[in-house]
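Below is one structure, written out as structure tokens, with a few remarks after it.
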Amino acid sequence: ETGVTQSPTHLIKTRGQQVTLRCSSQSGHNTVSWYQQALGQGPQFIFQYYREEENGRGNFPPRFSGLQFPNYSSELNVNALELDDSALYLCASSFEGGYTEAFFGQGTRLTVV
Amino acid sequence: AQSVTQLGSHVSVSEGALVLLRCNYSSSVPPYLFWYVQYPNQGLQLLLKYTSAATLVKGINGFEAEFKKSETSFHLTKPSAHMSDAAEYFCAVSDQGSSNTGKLIFGQGTTLQVKP
């Protein structure tokens with residue numbers, strides 16, 4: 001059974017640029033959720049993808065977008081990067097919406113300069 | 001709306017002492033509750049979860065938590081702290097609202113320091 005993997009682990013981008021983060025879900029899971037964790041804070045829900053469709057969104061602007069692929073892996077795209085987008089981005093995979101358990105990847109540390 | 005409050009952003013205990021990390025939740029529906037641990041530069045690891053079965057939940061690494069509906073609490077305890085328990089701990093509630101996402105709402109976290 002493979003765990004949740006995220007790539008890259010670290011990334012430095014310039015304000016205004018665009019970034020794509022990737023997540024491979026755990027084997028057997030069809031749901032991927034993305035979270036943003038600012039330094040010293042708890043993770044904040046960005047959105048969830050279930051069977052390739054967006055299935056709920058947190059309080060994040062439209063420049064945060066995502067995709068889920070037929071193999072249930074997922075991408076998080078952020079356009080027009082701002083300094084406040086600097087954070088640890090966590091991907092969580094679960095089965096059927098994940099009420100009972102979500103498994104997290106190690107995260108991608110994004111720094112915007 | 002559901003929310004989670006973790007009382008105490010930093011907790012310091014001596015090795016071998018009792019660990020108590022406090023979590024209170026707000027929910028209009030029966031909640032699912034979770035405790036996660038995060039080591040530096042790592043993702044989140046599930047310690048334990050409450051999903052409306054037994055109110056006393058046992059997790060990994062000797063941790064347990066008790067769901068108390070009357071107090072809207074889900075405090076995390078461990079009888080004897082180890083140096084390896086030093087980490088950030090997050091309490092979370094699952095949002096079972098109309099969006100049906102099962103998204104997690106996290107508290108601000110508690111940093112546990114274990115002194116030798």
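Identifiers in the structure tokens: chain A, B, ... in order shown; residue index from 1 per chain; ligand index from 1 in order shown.
Non-sequential neighbours of Gly42 of chain A (distance at most 6 Å, separation of 6 or more positions within a chain, only C-alpha atoms) are B:Phe106, B:Gly107, B:Gln108, B:Gly109.
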**Message:** Report as JSON, numbers by chain all protein, DNA and RNA residues lying within 10 Å of segment 23-28 of chain B, evaluated on only C-alpha atoms, omitting residues in the same chain fewer than 3 positions from it.
**Reply:** {"B": [1, 2, 3, 4, 5, 6, 7, 8, 20, 31, 32, 33, 35, 65, 67, 68, 69, 71, 72, 73, 74, 75, 76, 90, 91, 92, 93, 94, 95, 96, 97, 105, 106, 107, 109, 110]}
Kindly export the residues of the current selection with N, CA, C and O atoms, as a compact mmCIF listing (two decimals), in the first residue's frame.
```txt
# COMPACT_ATOMS: atom_id res chain seq x y z
N ALA B 1 -21.70 27.08 12.28
CA ALA B 1 -20.45 26.57 11.70
C ALA B 1 -19.65 25.84 12.79
O ALA B 1 -19.69 26.20 13.96
N GLN B 2 -18.96 24.82 12.35
CA GLN B 2 -18.14 24.08 13.30
C GLN B 2 -16.82 24.79 13.54
O GLN B 2 -16.29 25.46 12.64
N SER B 3 -16.29 24.62 14.75
CA SER B 3 -15.01 25.22 15.07
C SER B 3 -14.31 24.40 16.15
O SER B 3 -14.94 23.58 16.82
N VAL B 4 -13.03 24.64 16.28
CA VAL B 4 -12.22 23.93 17.26
C VAL B 4 -11.35 24.94 17.99
O VAL B 4 -10.74 25.81 17.34
N THR B 5 -11.25 24.82 19.29
CA THR B 5 -10.39 25.67 20.10
C THR B 5 -9.44 24.80 20.90
O THR B 5 -9.88 23.91 21.64
N GLN B 6 -8.17 25.03 20.72
CA GLN B 6 -7.16 24.33 21.52
C GLN B 6 -6.65 25.29 22.57
O GLN B 6 -6.14 26.36 22.24
N LEU B 7 -6.81 24.91 23.81
CA LEU B 7 -6.42 25.77 24.93
C LEU B 7 -4.95 25.56 25.25
O LEU B 7 -4.55 24.47 25.65
N GLY B 8 -4.18 26.62 25.09
CA GLY B 8 -2.74 26.52 25.34
C GLY B 8 -1.99 26.27 24.06
O GLY B 8 -2.05 25.18 23.50
N LEU B 20 -1.44 16.35 28.89
CA LEU B 20 -2.84 16.70 28.71
C LEU B 20 -2.91 17.88 27.75
O LEU B 20 -2.43 18.97 28.05
N PRO B 31 -20.37 15.33 16.03
CA PRO B 31 -19.12 15.53 15.31
C PRO B 31 -18.30 14.26 15.14
O PRO B 31 -18.44 13.31 15.89
N TYR B 32 -17.43 14.29 14.14
CA TYR B 32 -16.31 13.38 14.10
C TYR B 32 -15.10 14.20 14.53
O TYR B 32 -14.89 15.31 14.03
N LEU B 33 -14.31 13.68 15.44
CA LEU B 33 -13.20 14.42 16.01
C LEU B 33 -11.90 13.65 15.82
O LEU B 33 -11.89 12.42 15.88
N TRP B 35 -7.38 13.79 16.40
CA TRP B 35 -6.13 14.39 16.83
C TRP B 35 -5.05 13.95 15.84
O TRP B 35 -4.90 12.76 15.54
N ALA B 65 -8.01 9.74 24.04
CA ALA B 65 -8.83 10.94 24.18
C ALA B 65 -10.24 10.52 24.56
O ALA B 65 -10.71 9.45 24.17
N PHE B 67 -14.25 11.68 24.53
CA PHE B 67 -15.28 12.57 24.02
C PHE B 67 -16.29 12.84 25.13
O PHE B 67 -16.89 11.90 25.68
N LYS B 68 -16.46 14.12 25.48
CA LYS B 68 -17.43 14.51 26.49
C LYS B 68 -18.40 15.49 25.87
O LYS B 68 -18.09 16.68 25.73
N LYS B 69 -19.57 14.99 25.53
CA LYS B 69 -20.55 15.83 24.85
C LYS B 69 -21.01 16.98 25.73
O LYS B 69 -21.18 18.11 25.25
N GLU B 71 -19.43 18.65 27.86
CA GLU B 71 -18.41 19.68 27.95
C GLU B 71 -17.91 20.11 26.57
O GLU B 71 -17.02 20.97 26.50
N THR B 72 -18.44 19.54 25.54
CA THR B 72 -17.97 19.74 24.15
C THR B 72 -16.44 19.70 24.10
O THR B 72 -15.79 20.59 23.53
N SER B 73 -15.89 18.65 24.71
CA SER B 73 -14.43 18.55 24.77
C SER B 73 -13.95 17.22 24.21
O SER B 73 -14.69 16.23 24.16
N PHE B 74 -12.69 17.21 23.82
CA PHE B 74 -12.04 16.01 23.29
C PHE B 74 -10.56 16.14 23.61
O PHE B 74 -9.72 16.28 22.75
N HIS B 75 -10.24 16.09 24.90
CA HIS B 75 -8.86 16.30 25.36
C HIS B 75 -8.00 15.07 25.10
O HIS B 75 -8.44 13.93 25.26
N LEU B 76 -6.76 15.31 24.77
CA LEU B 76 -5.79 14.25 24.47
C LEU B 76 -4.89 14.03 25.67
O LEU B 76 -4.40 15.01 26.26
N PHE B 90 -2.59 18.81 16.67
CA PHE B 90 -3.76 19.49 16.15
C PHE B 90 -5.01 18.67 16.42
O PHE B 90 -5.06 17.47 16.14
N CYS B 91 -6.01 19.35 16.95
CA CYS B 91 -7.34 18.78 17.08
C CYS B 91 -8.16 19.24 15.88
O CYS B 91 -7.99 20.37 15.39
N ALA B 92 -9.01 18.38 15.36
CA ALA B 92 -9.80 18.73 14.18
C ALA B 92 -11.19 18.12 14.29
O ALA B 92 -11.38 17.06 14.89
N VAL B 93 -12.14 18.81 13.69
CA VAL B 93 -13.50 18.31 13.60
C VAL B 93 -13.85 18.17 12.13
O VAL B 93 -13.40 18.96 11.29
N SER B 94 -14.62 17.16 11.81
CA SER B 94 -15.01 16.95 10.42
C SER B 94 -16.29 17.70 10.15
O SER B 94 -17.26 17.58 10.91
N ASP B 95 -16.28 18.46 9.07
CA ASP B 95 -17.43 19.26 8.68
C ASP B 95 -18.42 18.37 7.93
O ASP B 95 -18.14 17.93 6.83
N GLN B 96 -19.54 18.13 8.54
CA GLN B 96 -20.55 17.30 7.89
C GLN B 96 -21.71 18.17 7.43
O GLN B 96 -22.86 17.80 7.52
N GLY B 97 -21.38 19.34 6.91
CA GLY B 97 -22.39 20.26 6.45
C GLY B 97 -22.97 19.86 5.12
O GLY B 97 -22.73 18.79 4.59
N ILE B 105 -11.73 20.78 9.96
CA ILE B 105 -11.53 22.11 10.52
C ILE B 105 -10.59 21.94 11.70
O ILE B 105 -10.90 21.23 12.65
N PHE B 106 -9.44 22.60 11.62
CA PHE B 106 -8.38 22.41 12.60
C PHE B 106 -8.34 23.52 13.63
O PHE B 106 -8.70 24.67 13.35
N GLY B 107 -7.86 23.16 14.81
CA GLY B 107 -7.51 24.16 15.79
C GLY B 107 -6.16 24.77 15.44
O GLY B 107 -5.53 24.40 14.44
N GLY B 109 -3.44 24.54 17.04
CA GLY B 109 -2.29 23.70 17.37
C GLY B 109 -1.73 23.96 18.75
O GLY B 109 -1.81 25.08 19.28
N THR B 110 -1.15 22.93 19.33
CA THR B 110 -0.44 23.02 20.61
C THR B 110 0.93 22.40 20.45
O THR B 110 1.04 21.26 20.00
```
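Nearest to Pro30 of chain B of all the residues B:Gly62, B:Ser12, B:Gly43, B:Ala53 is B:Ala53, based on only C-alpha atoms.
Take the candidates B:His10, B:Leu21, B:Lys49, B:Ile60 and check each one against chain A using only C-alpha atoms; the shortest distance goes to B:Lys49.
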Which parts of chain A does DSSP call strand (DSSP E or B) when run on the backbone here, written out as a PDB file with N, CA and C atoms, in the first residue's frame?
```
ATOM      1  N   THR A   5       1.927  10.950  -1.571  1.00  0.00           N
ATOM      2  CA  THR A   5       3.188  11.620  -1.897  1.00  0.00           C
ATOM      3  C   THR A   5       2.903  12.946  -2.585  1.00  0.00           C
ATOM      4  N   GLN A   6       3.716  13.933  -2.234  1.00  0.00           N
ATOM      5  CA  GLN A   6       3.575  15.264  -2.797  1.00  0.00           C
ATOM      6  C   GLN A   6       4.892  15.692  -3.428  1.00  0.00           C
ATOM      7  N   SER A   7       4.761  16.478  -4.508  1.00  0.00           N
ATOM      8  CA  SER A   7       5.961  17.019  -5.145  1.00  0.00           C
ATOM      9  C   SER A   7       5.694  18.424  -5.662  1.00  0.00           C
ATOM     10  N   HIS A  10       9.955  21.353  -1.735  1.00  0.00           N
ATOM     11  CA  HIS A  10      10.204  22.775  -1.503  1.00  0.00           C
ATOM     12  C   HIS A  10      10.171  23.509  -2.834  1.00  0.00           C
ATOM     13  N   LEU A  11       9.755  24.772  -2.772  1.00  0.00           N
ATOM     14  CA  LEU A  11       9.619  25.561  -3.993  1.00  0.00           C
ATOM     15  C   LEU A  11       9.748  27.037  -3.636  1.00  0.00           C
ATOM     16  N   ILE A  12      10.508  27.759  -4.435  1.00  0.00           N
ATOM     17  CA  ILE A  12      10.594  29.213  -4.266  1.00  0.00           C
ATOM     18  C   ILE A  12      10.112  29.868  -5.547  1.00  0.00           C
ATOM     19  N   LYS A  13       9.159  30.781  -5.411  1.00  0.00           N
ATOM     20  CA  LYS A  13       8.595  31.469  -6.573  1.00  0.00           C
ATOM     21  C   LYS A  13       8.606  32.979  -6.306  1.00  0.00           C
ATOM     22  N   VAL A  19       2.161  28.613  -9.919  1.00  0.00           N
ATOM     23  CA  VAL A  19       2.792  27.408  -9.410  1.00  0.00           C
ATOM     24  C   VAL A  19       1.809  26.240  -9.487  1.00  0.00           C
ATOM     25  N   THR A  20       2.353  25.054  -9.710  1.00  0.00           N
ATOM     26  CA  THR A  20       1.559  23.818  -9.706  1.00  0.00           C
ATOM     27  C   THR A  20       2.166  22.841  -8.716  1.00  0.00           C
ATOM     28  N   LEU A  21       1.348  22.373  -7.805  1.00  0.00           N
ATOM     29  CA  LEU A  21       1.777  21.380  -6.824  1.00  0.00           C
ATOM     30  C   LEU A  21       1.045  20.077  -7.128  1.00  0.00           C
ATOM     31  N   ARG A  22       1.715  18.963  -6.859  1.00  0.00           N
ATOM     32  CA  ARG A  22       1.169  17.669  -7.227  1.00  0.00           C
ATOM     33  C   ARG A  22       1.022  16.728  -6.034  1.00  0.00           C
ATOM     34  N   CYS A  23       0.032  15.854  -6.145  1.00  0.00           N
ATOM     35  CA  CYS A  23      -0.263  14.917  -5.061  1.00  0.00           C
ATOM     36  C   CYS A  23      -0.711  13.590  -5.643  1.00  0.00           C
ATOM     37  N   SER A  24      -0.096  12.530  -5.179  1.00  0.00           N
ATOM     38  CA  SER A  24      -0.542  11.186  -5.528  1.00  0.00           C
ATOM     39  C   SER A  24      -1.267  10.605  -4.328  1.00  0.00           C
ATOM     40  N   THR A  31     -10.575  10.359  -3.162  1.00  0.00           N
ATOM     41  CA  THR A  31     -10.828  11.733  -2.732  1.00  0.00           C
ATOM     42  C   THR A  31      -9.523  12.395  -2.318  1.00  0.00           C
ATOM     43  N   VAL A  32      -9.313  13.601  -2.805  1.00  0.00           N
ATOM     44  CA  VAL A  32      -8.129  14.368  -2.427  1.00  0.00           C
ATOM     45  C   VAL A  32      -8.561  15.741  -1.935  1.00  0.00           C
ATOM     46  N   SER A  33      -8.042  16.125  -0.788  1.00  0.00           N
ATOM     47  CA  SER A  33      -8.301  17.454  -0.224  1.00  0.00           C
ATOM     48  C   SER A  33      -6.982  18.199  -0.107  1.00  0.00           C
ATOM     49  N   TRP A  34      -7.051  19.506  -0.313  1.00  0.00           N
ATOM     50  CA  TRP A  34      -5.857  20.345  -0.195  1.00  0.00           C
ATOM     51  C   TRP A  34      -6.044  21.329   0.956  1.00  0.00           C
ATOM     52  N   TYR A  35      -4.961  21.529   1.692  1.00  0.00           N
ATOM     53  CA  TYR A  35      -4.958  22.436   2.830  1.00  0.00           C
ATOM     54  C   TYR A  35      -3.746  23.356   2.734  1.00  0.00           C
ATOM     55  N   GLN A  36      -3.934  24.584   3.230  1.00  0.00           N
ATOM     56  CA  GLN A  36      -2.838  25.530   3.349  1.00  0.00           C
ATOM     57  C   GLN A  36      -2.530  25.726   4.825  1.00  0.00           C
ATOM     58  N   GLN A  37      -1.266  25.572   5.192  1.00  0.00           N
ATOM     59  CA  GLN A  37      -0.858  25.769   6.577  1.00  0.00           C
ATOM     60  C   GLN A  37       0.174  26.876   6.639  1.00  0.00           C
ATOM     61  N   GLN A  44      -5.720  25.091   6.799  1.00  0.00           N
ATOM     62  CA  GLN A  44      -6.999  25.644   6.343  1.00  0.00           C
ATOM     63  C   GLN A  44      -7.406  24.927   5.064  1.00  0.00           C
ATOM     64  N   PHE A  45      -8.660  24.512   5.002  1.00  0.00           N
ATOM     65  CA  PHE A  45      -9.175  23.764   3.848  1.00  0.00           C
ATOM     66  C   PHE A  45      -9.256  24.660   2.625  1.00  0.00           C
ATOM     67  N   ILE A  46      -8.665  24.182   1.507  1.00  0.00           N
ATOM     68  CA  ILE A  46      -8.741  24.932   0.255  1.00  0.00           C
ATOM     69  C   ILE A  46      -9.896  24.399  -0.595  1.00  0.00           C
ATOM     70  N   PHE A  47      -9.802  23.143  -0.975  1.00  0.00           N
ATOM     71  CA  PHE A  47     -10.888  22.466  -1.689  1.00  0.00           C
ATOM     72  C   PHE A  47     -10.662  20.960  -1.666  1.00  0.00           C
ATOM     73  N   GLN A  48     -11.692  20.259  -2.140  1.00  0.00           N
ATOM     74  CA  GLN A  48     -11.647  18.809  -2.217  1.00  0.00           C
ATOM     75  C   GLN A  48     -12.078  18.354  -3.608  1.00  0.00           C
ATOM     76  N   TYR A  49     -11.438  17.302  -4.084  1.00  0.00           N
ATOM     77  CA  TYR A  49     -11.824  16.668  -5.338  1.00  0.00           C
ATOM     78  C   TYR A  49     -12.246  15.235  -5.074  1.00  0.00           C
ATOM     79  N   TYR A  50     -13.400  14.898  -5.609  1.00  0.00           N
ATOM     80  CA  TYR A  50     -13.963  13.555  -5.452  1.00  0.00           C
ATOM     81  C   TYR A  50     -14.355  13.060  -6.829  1.00  0.00           C
ATOM     82  N   GLU A  53     -14.222  15.629  -9.684  1.00  0.00           N
ATOM     83  CA  GLU A  53     -15.037  16.843  -9.619  1.00  0.00           C
ATOM     84  C   GLU A  53     -14.733  17.589  -8.319  1.00  0.00           C
ATOM     85  N   GLU A  54     -14.772  18.924  -8.371  1.00  0.00           N
ATOM     86  CA  GLU A  54     -14.611  19.689  -7.143  1.00  0.00           C
ATOM     87  C   GLU A  54     -15.820  19.425  -6.250  1.00  0.00           C
ATOM     88  N   ASN A  55     -15.554  19.127  -4.996  1.00  0.00           N
ATOM     89  CA  ASN A  55     -16.596  18.704  -4.064  1.00  0.00           C
ATOM     90  C   ASN A  55     -16.497  19.507  -2.770  1.00  0.00           C
ATOM     91  N   GLY A  56     -16.518  20.806  -2.893  1.00  0.00           N
ATOM     92  CA  GLY A  56     -16.425  21.652  -1.711  1.00  0.00           C
ATOM     93  C   GLY A  56     -15.196  22.528  -1.793  1.00  0.00           C
ATOM     94  N   ARG A  57     -15.349  23.760  -1.343  1.00  0.00           N
ATOM     95  CA  ARG A  57     -14.277  24.740  -1.432  1.00  0.00           C
ATOM     96  C   ARG A  57     -14.283  25.595  -0.177  1.00  0.00           C
ATOM     97  N   PHE A  64      -6.824  30.125  -6.838  1.00  0.00           N
ATOM     98  CA  PHE A  64      -6.501  28.774  -6.365  1.00  0.00           C
ATOM     99  C   PHE A  64      -7.424  27.814  -7.116  1.00  0.00           C
ATOM    100  N   SER A  65      -6.851  26.944  -7.911  1.00  0.00           N
ATOM    101  CA  SER A  65      -7.667  26.002  -8.666  1.00  0.00           C
ATOM    102  C   SER A  65      -7.015  24.626  -8.613  1.00  0.00           C
ATOM    103  N   GLY A  66      -7.777  23.625  -9.047  1.00  0.00           N
ATOM    104  CA  GLY A  66      -7.236  22.282  -8.958  1.00  0.00           C
ATOM    105  C   GLY A  66      -7.768  21.371 -10.033  1.00  0.00           C
ATOM    106  N   LEU A  67      -7.210  20.183 -10.033  1.00  0.00           N
ATOM    107  CA  LEU A  67      -7.633  19.136 -10.948  1.00  0.00           C
ATOM    108  C   LEU A  67      -7.497  17.813 -10.230  1.00  0.00           C
ATOM    109  N   GLN A  68      -8.327  16.857 -10.634  1.00  0.00           N
ATOM    110  CA  GLN A  68      -8.089  15.475 -10.229  1.00  0.00           C
ATOM    111  C   GLN A  68      -8.127  14.618 -11.479  1.00  0.00           C
ATOM    112  N   SER A  74      -3.806  14.426  -8.025  1.00  0.00           N
ATOM    113  CA  SER A  74      -4.385  15.772  -8.073  1.00  0.00           C
ATOM    114  C   SER A  74      -3.313  16.832  -8.216  1.00  0.00           C
ATOM    115  N   GLU A  75      -3.703  17.973  -8.717  1.00  0.00           N
ATOM    116  CA  GLU A  75      -2.856  19.157  -8.794  1.00  0.00           C
ATOM    117  C   GLU A  75      -3.548  20.333  -8.135  1.00  0.00           C
ATOM    118  N   LEU A  76      -2.731  21.164  -7.522  1.00  0.00           N
ATOM    119  CA  LEU A  76      -3.184  22.450  -7.007  1.00  0.00           C
ATOM    120  C   LEU A  76      -2.426  23.522  -7.779  1.00  0.00           C
ATOM    121  N   ASN A  77      -3.160  24.426  -8.391  1.00  0.00           N
ATOM    122  CA  ASN A  77      -2.566  25.520  -9.142  1.00  0.00           C
ATOM    123  C   ASN A  77      -2.875  26.842  -8.449  1.00  0.00           C
ATOM    124  N   VAL A  78      -1.871  27.665  -8.343  1.00  0.00           N
ATOM    125  CA  VAL A  78      -2.071  29.002  -7.787  1.00  0.00           C
ATOM    126  C   VAL A  78      -1.511  30.015  -8.774  1.00  0.00           C
ATOM    127  N   ALA A  87       3.526  29.209   2.420  1.00  0.00           N
ATOM    128  CA  ALA A  87       2.922  28.297   3.391  1.00  0.00           C
ATOM    129  C   ALA A  87       3.341  26.879   3.066  1.00  0.00           C
ATOM    130  N   LEU A  88       2.946  25.966   3.954  1.00  0.00           N
ATOM    131  CA  LEU A  88       3.059  24.530   3.685  1.00  0.00           C
ATOM    132  C   LEU A  88       1.718  24.082   3.103  1.00  0.00           C
ATOM    133  N   TYR A  89       1.761  23.471   1.938  1.00  0.00           N
ATOM    134  CA  TYR A  89       0.549  22.993   1.301  1.00  0.00           C
ATOM    135  C   TYR A  89       0.466  21.488   1.483  1.00  0.00           C
ATOM    136  N   LEU A  90      -0.617  21.067   2.089  1.00  0.00           N
ATOM    137  CA  LEU A  90      -0.800  19.664   2.441  1.00  0.00           C
ATOM    138  C   LEU A  90      -1.910  19.054   1.600  1.00  0.00           C
ATOM    139  N   CYS A  91      -1.652  17.863   1.166  1.00  0.00           N
ATOM    140  CA  CYS A  91      -2.631  17.081   0.429  1.00  0.00           C
ATOM    141  C   CYS A  91      -3.070  15.935   1.334  1.00  0.00           C
ATOM    142  N   ALA A  92      -4.354  15.643   1.330  1.00  0.00           N
ATOM    143  CA  ALA A  92      -4.875  14.529   2.121  1.00  0.00           C
ATOM    144  C   ALA A  92      -5.733  13.649   1.230  1.00  0.00           C
ATOM    145  N   SER A  93      -5.525  12.358   1.343  1.00  0.00           N
ATOM    146  CA  SER A  93      -6.324  11.458   0.533  1.00  0.00           C
ATOM    147  C   SER A  93      -7.237  10.633   1.435  1.00  0.00           C
ATOM    148  N   SER A  94      -8.399  10.312   0.925  1.00  0.00           N
ATOM    149  CA  SER A  94      -9.380   9.555   1.693  1.00  0.00           C
ATOM    150  C   SER A  94     -10.288   8.812   0.742  1.00  0.00           C
ATOM    151  N   PHE A 103      -5.525  10.717   5.120  1.00  0.00           N
ATOM    152  CA  PHE A 103      -4.096  10.487   5.239  1.00  0.00           C
ATOM    153  C   PHE A 103      -3.361  11.611   4.521  1.00  0.00           C
ATOM    154  N   PHE A 104      -2.416  12.201   5.220  1.00  0.00           N
ATOM    155  CA  PHE A 104      -1.729  13.375   4.699  1.00  0.00           C
ATOM    156  C   PHE A 104      -0.370  13.032   4.112  1.00  0.00           C
ATOM    157  N   THR A 108       4.217  20.391   0.655  1.00  0.00           N
ATOM    158  CA  THR A 108       5.107  21.189  -0.192  1.00  0.00           C
ATOM    159  C   THR A 108       5.262  22.548   0.470  1.00  0.00           C
ATOM    160  N   ARG A 109       6.501  22.912   0.753  1.00  0.00           N
ATOM    161  CA  ARG A 109       6.782  24.216   1.354  1.00  0.00           C
ATOM    162  C   ARG A 109       6.975  25.220   0.223  1.00  0.00           C
ATOM    163  N   LEU A 110       6.051  26.155   0.085  1.00  0.00           N
ATOM    164  CA  LEU A 110       6.113  27.189  -0.949  1.00  0.00           C
ATOM    165  C   LEU A 110       6.544  28.507  -0.318  1.00  0.00           C
ATOM    166  N   THR A 111       7.560  29.083  -0.869  1.00  0.00           N
ATOM    167  CA  THR A 111       8.020  30.403  -0.443  1.00  0.00           C
ATOM    168  C   THR A 111       7.866  31.362  -1.611  1.00  0.00           C
ATOM    169  N   VAL A 112       7.162  32.455  -1.392  1.00  0.00           N
ATOM    170  CA  VAL A 112       6.982  33.479  -2.424  1.00  0.00           C
ATOM    171  C   VAL A 112       7.800  34.705  -2.029  1.00  0.00           C
TER     172      VAL A 112
END
```
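The space separating atom CA of Leu18 of chain B from atom CA of Leu47 of chain B comes to 16.9 Å.
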